[in-house]
Amino acid sequence: MEGKYPVSSRQVLALIAMFILGTSLLFSLGQELGRHSWLGIITGFIAFLFLFWLYYFLLKLEPGKSLFGLNEQAFGRGLGTVINLWYLIYFFVLLSVVVGNFVDFINSVILIQTPEILLTIFLTLTAAYAVKKGLESIARLSEIMVFCVFTTAIVVTLLLFDKIDTTNFWPLWPQNWALVLRSGFSILTFPFGETVIFLSIFYQLGGPQKVSKGFFWGSVVGVFVLLVIALRNIAVLGEFVKFSTYPAYDSVRLINIARFITRAEVVISLNYMFAGYVKATTVYYSLCLGLKEIFRLKTYQHLVLPIAALVILNAHLSFSTNVQNVFFAFEVYPFFAIIFQLILILATLIMLLIKKQLGRRRPTI
Amino acid sequence: MTYISIISIFLGIFLIDYPGLKKDKDLNEKIVYGILFSVGLAYALLINSGLVKNSLPYLVLQAVSFFRGIKIPPAFH
């Protein structure tokens with residue numbers, strides 16, 4: 001189940017798109033910008049193009065190596081392992097937060113009476129099952145689900161057509177551009193920059209050309225759906241998007257076609273869960289692969305369940321209130337994540353280039 | 001009762017993994033498994049006894065807030 005996977009370029013696209021949509025479907029990206037959140041998304045995506053170029057360059061430089069292998073090659077065995085362990089901590093925190101967010105969502109809008117710990121256990125165990133089955137099954141699931149998420153986003157927007165008020169967009173340009181840039185930075189790190197975890201998977205999927213094509217178009221599909229959802233939320237809810245915990249959910253609740261088509265939020269919730277599931281599973285898989293590589297193991301299969309136990313405990317304890325969650329997402333996470341998404345990647349790239357140059361200059365006897 | 005449930009869950013995990021681990025000749029794998037398993041079990045027991053209240057994401061929150069010089073709002077406690 002581990003090794004090279006027959007995953008197509010389209011499946012890579014679906015995997016990336018679902019990963020980007022993951023938790024971002026739940027929260028309104030750039031919420032602090034209110035009616036200008038779409039500008040934040042565009043700013044974040046433009047900044048991500050630089051990150052994409054960086055990741056692509058790294059993939060092209062050493063095609064057969066994972067992120068962990070690259071770190072060891074760039075910094076040597078000792079420092080490389082330390083950096084890899086930091087990456088594992090990042091993956092673990094990300095996984096716990098993703099699981100925690102989804103459990104919070106399910107517990108506050110769908111299964112209100114169900115104990116949170118039970119939801120955490122079931123979500124994590126289903127993710128563990130997918131991880132045991134391997135990347136191929138996750139990619140296949142994403143291929144089906146990305147189509148559902150994409151279609152639902154468009155159909156729901158069309159169903160909300162009578163609730164759309166275009167004056168909600170005015171004034172079109174914000175007065176505080178610094179806030180747009182700050183929000184763009186947040187959006188760069190969540191969700192676009194989180195695609196750094198794919199650097200630990202891509203080497204299994206084929207050459208950089210094939211993978212980067214899926215990577216790029218997957219990001220484009222992701223940002224397109226995010227923009228459609230953001231614009232729809234603004235058009236329907238106006239400035240209220242700033243104050244809603246789950247704006248997409250709140251806007252979809254307003255669908256009422258001749259008192260016949262109502263309660264469409266159930267469909268949306270299912271979409272959220274599928275996207276979140278794919279994201280959690282992908283991060284979980286990378287975490288297992290990382291442990292396997294760092295400790296030079298033959299397989300990661302035995303590590304899946306003990307990691308699940310740790311994730312359940314951390315996700316359950318992570319944040320007690322939604323305020324805390326929002327504080328983490330906007331004030332803490334970007335500054336923590338940028339170290340792994342940009343700074344360390346840049347350092348690895350520079351070290352590899354220096355090593356390559358020195359290797360070329362060394363005279364051969 | 002909660003302690004018994006925690007121990008039974010971890011026992012369940014071990015019983016699921018045991019056949020695979022027994023077949024495996026790699027000592028490294030057993031060591032990593034052992035470490036992860038005991039950390040998980042100890043963490044669960046410590047949380048239940050009230051000695052540990054923090055998660056890794058919360059520690060990250062505290063560390064980054066400290067380095068950025070921002071206060072964690074009192075509503076968090």
# chains A, B, ... in the order shown; residues from 1 in each chain; ligands from 1

$ residues_around --residues "region 1-11 of chain B" --least-positions-apart "5" --cutoff "10 Å" --atoms "only C-alpha atoms" --output "NGL selection string"
(:A and (305-306 or 309)) or (:B and (16-17 or 37-38 or 40-41 or 44-45 or 48-49))

$ closest_atom_pairs --of "chain A" --to "chain B" --cutoff "10 Å" --atoms "only C-alpha atoms" --output "tab-separated table"
residue	atom	partner	partner_atom	distance
A:Ile89	CA	B:Leu56	CA	8.5
A:Tyr90	CA	B:Pro57	CA	9.3
A:Phe92	CA	B:Leu56	CA	8.4
A:Val93	CA	B:Pro57	CA	5.4
A:Leu94	CA	B:Pro57	CA	8.1
A:Leu95	CA	B:Pro57	CA	9.8
A:Ser96	CA	B:Pro57	CA	7.4
A:Val97	CA	B:Pro57	CA	7.1
A:Leu291	CA	B:Val32	CA	8.8
A:Lys292	CA	B:Glu29	CA	8.7
A:Phe295	CA	B:Asn28	CA	7.2
A:Arg296	CA	B:Asn28	CA	7.8
A:Leu297	CA	B:Glu29	CA	5.9
A:Lys298	CA	B:Asp26	CA	7.8
A:Thr299	CA	B:Glu29	CA	8.1
A:Tyr300	CA	B:Glu29	CA	8.5
A:Gln301	CA	B:Gly20	CA	8.7
A:His302	CA	B:Asp17	CA	6.2
A:Leu303	CA	B:Tyr33	CA	6.0
A:Val304	CA	B:Tyr33	CA	9.4
A:Leu305	CA	B:Ile13	CA	6.4
A:Pro306	CA	B:Phe37	CA	5.3
A:Ile307	CA	B:Leu36	CA	7.0
A:Ala308	CA	B:Gly40	CA	9.2
A:Ala309	CA	B:Gly40	CA	6.2
A:Leu310	CA	B:Gly40	CA	5.3
A:Val311	CA	B:Gly40	CA	9.1
A:Ile312	CA	B:Gly40	CA	9.7
A:Leu313	CA	B:Ala44	CA	6.9
A:Asn314	CA	B:Ser55	CA	5.1
A:Ala315	CA	B:Ser55	CA	7.8
A:His316	CA	B:Ser55	CA	8.5
A:Leu317	CA	B:Ser55	CA	5.6
A:Ser318	CA	B:Ser55	CA	5.4
A:Phe319	CA	B:Tyr58	CA	7.0
A:Ser320	CA	B:Phe76	CA	7.4
A:Thr321	CA	B:Phe76	CA	7.2
A:Asn322	CA	B:Phe76	CA	9.7
A:Val323	CA	B:Phe76	CA	7.9
A:Gln324	CA	B:Phe76	CA	6.2
A:Asn325	CA	B:Phe76	CA	9.8
A:Phe327	CA	B:Ile72	CA	8.4
A:Phe328	CA	B:Leu61	CA	6.4
A:Ala329	CA	B:Leu61	CA	9.7
A:Glu331	CA	B:Ser65	CA	8.1
A:Val332	CA	B:Val64	CA	6.0
A:Tyr333	CA	B:Leu61	CA	7.9
A:Pro334	CA	B:Val64	CA	9.9
A:Phe335	CA	B:Val64	CA	7.4
A:Phe336	CA	B:Val64	CA	6.8

$ select_by_dssp --residues "region 93-325 of chain A" --states "alpha helix (DSSP H)" --output "MDAnalysis selection string"
chainID A and resid 93:105 116:133 135:159 177:189 208:237 247:252 265:294 304:317 322:325

$ atom_distance --atom1 "CA of Lys65 (chain A)" --atom2 "CA of Tyr203 (chain A)"
5.8 Å

$ closest_residue --among "A:Val7, A:Leu88, A:Val146, A:Val266" --to "Gly218 (chain A)" --atoms "only C-alpha atoms"
A:Val146

$ residues_around --residues "region 149-164 of chain A" --least-positions-apart "4" --cutoff "10 Å" --atoms "only C-alpha atoms" --output "number ranges by chain"
A: 17-18, 21, 25, 142, 144-145, 168, 221-222, 224-226, 228-229, 231-238, 248, 251-257, 261, 264-265, 267-268, 270-272, 274-275

$ atom_distance --atom1 "CA of Ser66 (chain A)" --atom2 "CA of Leu199 (chain A)"
6.0 Å
